[in-house]
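Only one structure is covered here, and it is reproduced in the block below.
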Amino acid sequence: MDTVMFKWVFSLLFCFTLVIGVAAQGNTLSGTVTTEINDEVIPGVTIEIPKLGISTETDENGKYVFNDLPSGSYTLVTHIEGFSDRAVQVKVTAGAQTLDLKLSIRAFSGEVNVTATGEEESVFNSFSSVNSVGSTGIIERASSNIGDVLGDQAGISVRSFGAGGTGRPSIRSFEGDRVLITQDGIRNGSVGAASGDHGEPISAVNLERLEVIKGPATLLYGSNAIGGVVNAVSTDKNEAHDGFRGYFSTFGGSINRQGGIAGGLEFGAKKNLFELNLNSSREGDFNTPLGKIPNSGARSHGGSGSWGYLADKGFFRASVNIDRRRYGIPYAPLFESRELLSIINGGADCGGKEEGKEPDCQFDPNEVRRIFANQLPPLPDEQIDIDMDRNNFRFVGGFRDVKGPISRGTFTVDFTDYQHFEVETEDGVDEIATSFFNDTFSYRAIFNQKDFEKLSGQFGFEGYRRSYLTVGAESLIDGRVRQNNFAVFGLQSLNFEKVALQFGARVESNRYRPANGVLPDLSFTGLSASVGVRFEVWKDASIVASFSSSYRPPALEELYNNGPHIGTVLFEIGDANLQHERSNGFELSFRQRSNRVRFNGSFFYNDIKDFIYGAPVDEDGDGRVDVEDGLPIAGFVQGDARYVGADASLEADINNNFGVFVVGDIVDAELKTPGFSPPRIAPARLRAGVDIRYKSFSFRPEGVFVSERGAGDIFALESPTDGYSLFNINGSYAFVVNKTAHIITFGGQNLTNKLYRNHSNFLKDIVPQPGRGFKVSYTVRLF
């Protein structure tokens, strides 16, 4: 199959080399970039014209210039760490033009640029529905997991296992293997998709931003992105600079005695750029209105270093990234010892840890909900932690701004050595119960065509080789499994004055090769394709409509797992006869961007054939779910499903000192054959507040209103979740002195100390969400 794929690659290369470039016409665009606060010039701001694939940086006086620009309409996008991105429309005509820009320091801003769609562009110009949180917003929401950082964004909920270290984003209620986590566009090599208690080894406090593509993103990122992509951007610098730049942040919170620091330093010399980033944080057990959750804390430390050579026509960057973390899994021993099963069965003897099947004990989530509605479970005799290590090595190189049909090419080679250990601690003694090893070698090549009249685009190939092994008491697959993936893809755009069209396709092959001869070798090959159109309905407003048909093969856990899995609260039974999923989706978006009003809203519909899920097993036909090893038995099966919903965000500035913001989302999903909801579908949510500003001070009180998930609208192994209302405050103060930006953020969450539960939390019936808490951070940036 790989030979066939390479033929695809060379066929695409041959076809696209027929494209002819457009000559420049000698126009000039220049200007000065200053701060919004006190008009201080900002050196080192990257200014890019994505349509032409060119960029420049402001000099020490904040000035920039583009020479030899073709006449036409373009979008200028700006970026520098610590300041809000800007996207400005400009029409270049004959001669010299001036465009001055002002940048603000705000944790709260809808003017952001993203690279997750392949090229840097404004979220308002993207064909995909995209969210982005910048470095200031990340520090304001600092957490041991990226889920909590993104959880208040439109269309994003947090899947967790009761503890802070486990939070992982769900996108429009798609989760697990349907949501891909990447770092600078390459999969991060973790096993977070497979289990609710597996967190992601990404330290958000060292990132420039977090980007989320909502909806199918399989064309550029593969079949694991059938529900969306979360891209952690650590750097996107295309130009070197002379001298030093850097930042230092410290942050803390009261709800879990959080404390942490993060810092980074850049040094540029001619075409060379050196970067070093470090972080360390600690979170204790968090408080709820019912009391403190035992063993819910986390601690982490890590860093990255890189060297890049950024020439005019070529570049390369080599980097190393290390992440170390350990976090607790609250109440996990109660499942392992069957103590929780005994409690919900009225104190019956449901068998000990080493005993076999317990035929007379039932796992009823509604009974769990009733018993622990106003109390916490008993304190376990032992605790279970996850001790996680990730080492990543990456090389990126390429060419740019060259003559010929292909103007730019980027090549990436990446290796991730990932492992984590489930550690049981009793009487102060640690014992490793289960070990997970996941080595991933990835490679990727993307080529950008030179524009040919109205046509632009990119194409490429990528693949990865994965080696996965679990050893120990809860090893669900006996023996190592190797996975080989290869794909070719292309994405093209036609851009007219008021209309733009985008279309593309991807062919992908996945092969699973278990070392255990009892398990079968399996192969899957599929095609994904999409088409989208964007209409400019009036100045600064557009409508985007798109259709996608996406393919996802079964995950290796869905094929081969067999055994008790506390991380999903199920005894899982895989099925090697599963077929691939096919998702046909439609999305309609409206976007408005002006000086006063910014709106981004989408309606989506996904019809999924052969949707894979863990269905409850009732072999004896008594109408109750069978239980083994203290957990309900679920076998992976397939059935058609449908996801429909909407999400939107609105920011409106009434005047220079007062604005309002509204964020909302809703998802309705159904498994068509059994007629009930898929697992962990997020309830409808509305977040609304005001932004009160005075010079560089911002104060943002808000209310969060979440609907219930009733008995008729949940999965068969779930219990209902009550609706709730929360009240929060956030704020920031920023000032610039001598090319140094100082940013202070503060916030208070759940100010009324409301008892509430997250429907996407695997342990929601025994672990409520955090109570009243306060956060503060301070960041200084040298630019």
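Residue numbering restarts at 1 in every chain; chains get A, B, ... in the order shown in the structure tokens, and ligands count up from 1 in that same order.
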Just want the 8 Å neighbourhood of range 317-331 of chain A, counted on only C-alpha atoms, with same-chain residues fewer than 4 positions away dropped. Output as number ranges by chain. A: 161-165, 197, 201-203, 293-309, 335, 377, 379-380, 383-397
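Surrounding range 744-750 of chain A within 9 Å are Ala107, Thr136, Gly137, Ile139, Glu140, Arg141, Arg700, Ser725, Leu726, Phe727, Asn728, Ile729, Asn730, Gly731, Ser732, Tyr733, Ala734, Pro770, Gly771, Arg772, Gly773, Phe774, Lys775, Val776, Ser777, Tyr778, Thr779 and Val780 of chain A, with only C-alpha atoms counted and residues fewer than 6 positions along the same chain left out.
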Can you tell me, as an NGL selection string, what residues are no more than 6 Å from range 523-532 of chain A when counting only C-alpha atoms, ignoring any on the same chain fewer than 4 positions away? :A and (501-511 or 545-551)
Counting only C-alpha atoms, what is within 7 Å of range 218-233 of chain A, bar same-chain residues fewer than 5 positions away, as a list in words? Ala116, Ile171, Phe174, Asp177, Arg178, Val179, Leu180, Ile181, Thr182, Gln183, Asp184, Gly185, Leu207, Glu208, Arg209, Leu210, Glu211, Val212, Ile213, Phe489, Ala505, Arg506, Ser528, Ala529, Ser550, Tyr551 and Arg552 of chain A
Quick check for you: according to DSSP on this backbone, which residues of range 468-572 of chain A are classed as strand (DSSP E)? Reply as a VMD selection string. chain A and resid 468 to 472 481 to 495 499 to 514 522 to 538 541 to 552 562 to 565 570 to 572
In Å, how far is it from CA of Pro720 in chain A to CA of Pro554 in chain A?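 CA of Pro554 in chain A lies at a distance of 28.9 Å from CA of Pro720 in chain A.
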Going by DSSP on the backbone, which bits of range 333-551 of chain A are alpha helix (DSSP H)? Write them as a list of chain:residue names, please.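 Alpha helix (DSSP H) members of range 333-551 of chain A, listed: A:Pro333, A:Leu334, A:Phe335, A:Glu336, A:Glu339, A:Leu340, A:Leu341, A:Ser342, A:Ile343, A:Ile344, A:Pro365, A:Asn366, A:Glu367, A:Val368, A:Arg369, A:Arg370, A:Ile371.
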Skip Leu570 in chain A itself and residues of its chain fewer than 2 positions away, then list as a compact mmCIF listing (two decimals) with C-alpha atoms, in the first residue's frame all residues within 9 Å of it, counting only C-alpha atoms.
# COMPACT_ATOMS: atom_id res chain seq x y z
CA GLY A 563 -10.24 -6.28 30.43
CA PRO A 564 -11.15 -3.93 33.28
CA HIS A 565 -10.46 -0.27 32.49
CA ILE A 566 -10.91 2.03 35.48
CA GLY A 567 -10.07 5.04 33.28
CA THR A 568 -13.37 4.61 31.42
CA GLU A 572 -13.97 -3.20 27.81
CA GLY A 614 -18.87 0.91 24.00
CA VAL A 627 -20.58 -6.63 35.80
CA GLU A 628 -17.06 -8.03 35.92
CA GLY A 630 -16.37 -4.39 39.72
CA LEU A 631 -17.15 -2.59 36.44
CA PRO A 632 -20.04 -2.69 33.95
CA ILE A 633 -19.18 -4.68 30.83
CA ALA A 634 -19.20 -2.81 27.51
Using only C-alpha atoms, can you tell me which of A:Asn561, A:Thr98, A:Gln153, A:Asn738 comes closest to Ala194 in chain A?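 The closest residue to Ala194 in chain A is A:Asn561.
Relative to CA of Val41 in chain A, CA of Asn61 in chain A is found at 6.1 Å.
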For Asp152 in chain A, which of A:Ile343, A:Leu671, A:Val33, A:Ile138 is the closest residue, counting only C-alpha atoms?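 Once distances to Asp152 in chain A are computed over only C-alpha atoms, the minimum belongs to A:Ile138.
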For range 398-400 of chain A: contacts at 8 Å, only C-alpha atoms, fewer than 4 positions along chain excluded, given as a list in words: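 So the residues in contact are Asp312, Lys313, Gly314, Phe315, Phe316, Ser407, Arg408, Gly409, Thr410 and Phe411 of chain A.
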From A:Ala541, A:Ile156, A:Ile344, A:Ile146, residue lying nearest Gly192 in chain A [only C-alpha atoms]: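 Between A:Ala541, A:Ile156, A:Ile344, A:Ile146, the residue approaching Gly192 in chain A most closely is A:Ile146.
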Need to verify the contact set: Thr673 in chain A, 10 Å, only C-alpha atoms, exclusion of same-chain residues closer than 6 positions in sequence. Can you return it as a VMD selection string? chain A and resid 638 to 641
Export, as a tab-separated table (two decimals), in the first residue's frame, the selected residues with all heavy atoms.
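Saved as selection_5.tsv:
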chain	number	residue	atom	x	y	z
A	638	GLN	N	-20.91	-0.96	16.56
A	638	GLN	CA	-21.11	0.13	15.61
A	638	GLN	C	-22.58	0.34	15.33
A	638	GLN	O	-23.38	-0.60	15.33
A	638	GLN	CB	-20.37	-0.17	14.31
A	638	GLN	CG	-18.87	-0.18	14.46
A	638	GLN	CD	-18.13	-0.32	13.16
A	638	GLN	OE1	-17.99	-1.42	12.64
A	638	GLN	NE2	-17.63	0.80	12.62
A	639	GLY	N	-22.94	1.60	15.13
A	639	GLY	CA	-24.29	1.98	14.75
A	639	GLY	C	-24.26	3.40	14.21
A	639	GLY	O	-23.34	4.16	14.48
A	640	ASP	N	-25.26	3.77	13.45
A	640	ASP	CA	-25.29	5.11	12.87
A	640	ASP	C	-25.61	6.14	13.95
A	640	ASP	O	-26.36	5.87	14.89
A	640	ASP	CB	-26.32	5.17	11.75
A	640	ASP	CG	-25.94	4.30	10.57
A	640	ASP	OD1	-24.77	3.86	10.52
A	640	ASP	OD2	-26.81	4.04	9.72
A	641	ALA	N	-25.02	7.33	13.81
A	641	ALA	CA	-25.20	8.41	14.78
A	641	ALA	C	-25.37	9.73	14.07
A	641	ALA	O	-25.02	9.88	12.89
A	641	ALA	CB	-24.02	8.47	15.75
Could you state the separation of CA of Gly44 in chain A and CA of Thr250 in chain A in Å, given to one decimal place?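 So the answer is 24.0 Å.
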So, counting only C-alpha atoms, which residue among A:Val625, A:Ser132, A:Phe571, A:Arg642 is closest to Asn584 in chain A?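 Using only C-alpha atoms, Asn584 in chain A sits closest to A:Arg642.
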Report as a Markdown table the residues of range 460-515 of chain A within 12 Å of range 414-423 of chain A, each with its shortest atom pair and distance in Å (one decimal), using only C-alpha atoms, ordered by chain and increasing residue number.
| residue | atom | partner | partner_atom | distance |
| --- | --- | --- | --- | --- |
| A:Glu462 | CA | A:Asp414 | CA | 11.3 |
| A:Gly463 | CA | A:Asp414 | CA | 10.6 |
| A:Tyr464 | CA | A:Asp414 | CA | 9.1 |
| A:Arg465 | CA | A:Phe415 | CA | 9.6 |
| A:Arg466 | CA | A:Thr416 | CA | 9.6 |
| A:Ser467 | CA | A:Asp417 | CA | 9.9 |
| A:Tyr468 | CA | A:Tyr418 | CA | 9.7 |
| A:Leu469 | CA | A:Gln419 | CA | 9.5 |
| A:Thr470 | CA | A:Gln419 | CA | 9.6 |
| A:Val471 | CA | A:Phe421 | CA | 9.6 |
| A:Gly472 | CA | A:Glu422 | CA | 9.3 |
| A:Ala473 | CA | A:Glu422 | CA | 9.7 |
| A:Glu474 | CA | A:Glu422 | CA | 9.3 |
| A:Ser475 | CA | A:Glu422 | CA | 10.9 |
Output file for the selection above: C-alpha atoms, as a compact mmCIF listing (two decimals), in the first residue's frame:
# COMPACT_ATOMS: atom_id res chain seq x y z
CA GLU A 462 2.78 12.56 5.98
CA GLY A 463 2.89 9.44 8.09
CA TYR A 464 3.87 7.96 11.40
CA ARG A 465 5.00 4.68 12.93
CA ARG A 466 3.75 3.93 16.40
CA SER A 467 4.84 1.23 18.86
CA TYR A 468 2.39 0.73 21.75
CA LEU A 469 2.86 -1.60 24.73
CA THR A 470 1.22 -2.01 28.14
CA VAL A 471 2.60 -4.21 30.90
CA GLY A 472 1.12 -4.99 34.29
CA ALA A 473 -2.04 -5.59 36.26
CA GLU A 474 -4.34 -3.58 33.96
CA SER A 475 -2.77 -4.36 30.61
Go through A:Ser170, A:Ser719, A:Ser249, A:Ser129 one by one, measure the shortest atom-to-atom distance of each to Pro216 in chain A using only C-alpha atoms, and give the residue with the smallest value.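 Looking at the shortest contact to Pro216 in chain A, the residue is A:Ser129.
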Counting only C-alpha atoms, the residue of A:Leu69, A:Ile654, A:Ala332, A:Ala684 that sits nearest Gly196 in chain A: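 When distances to Gly196 in chain A are compared using only C-alpha atoms, the smallest one comes from A:Ala332.
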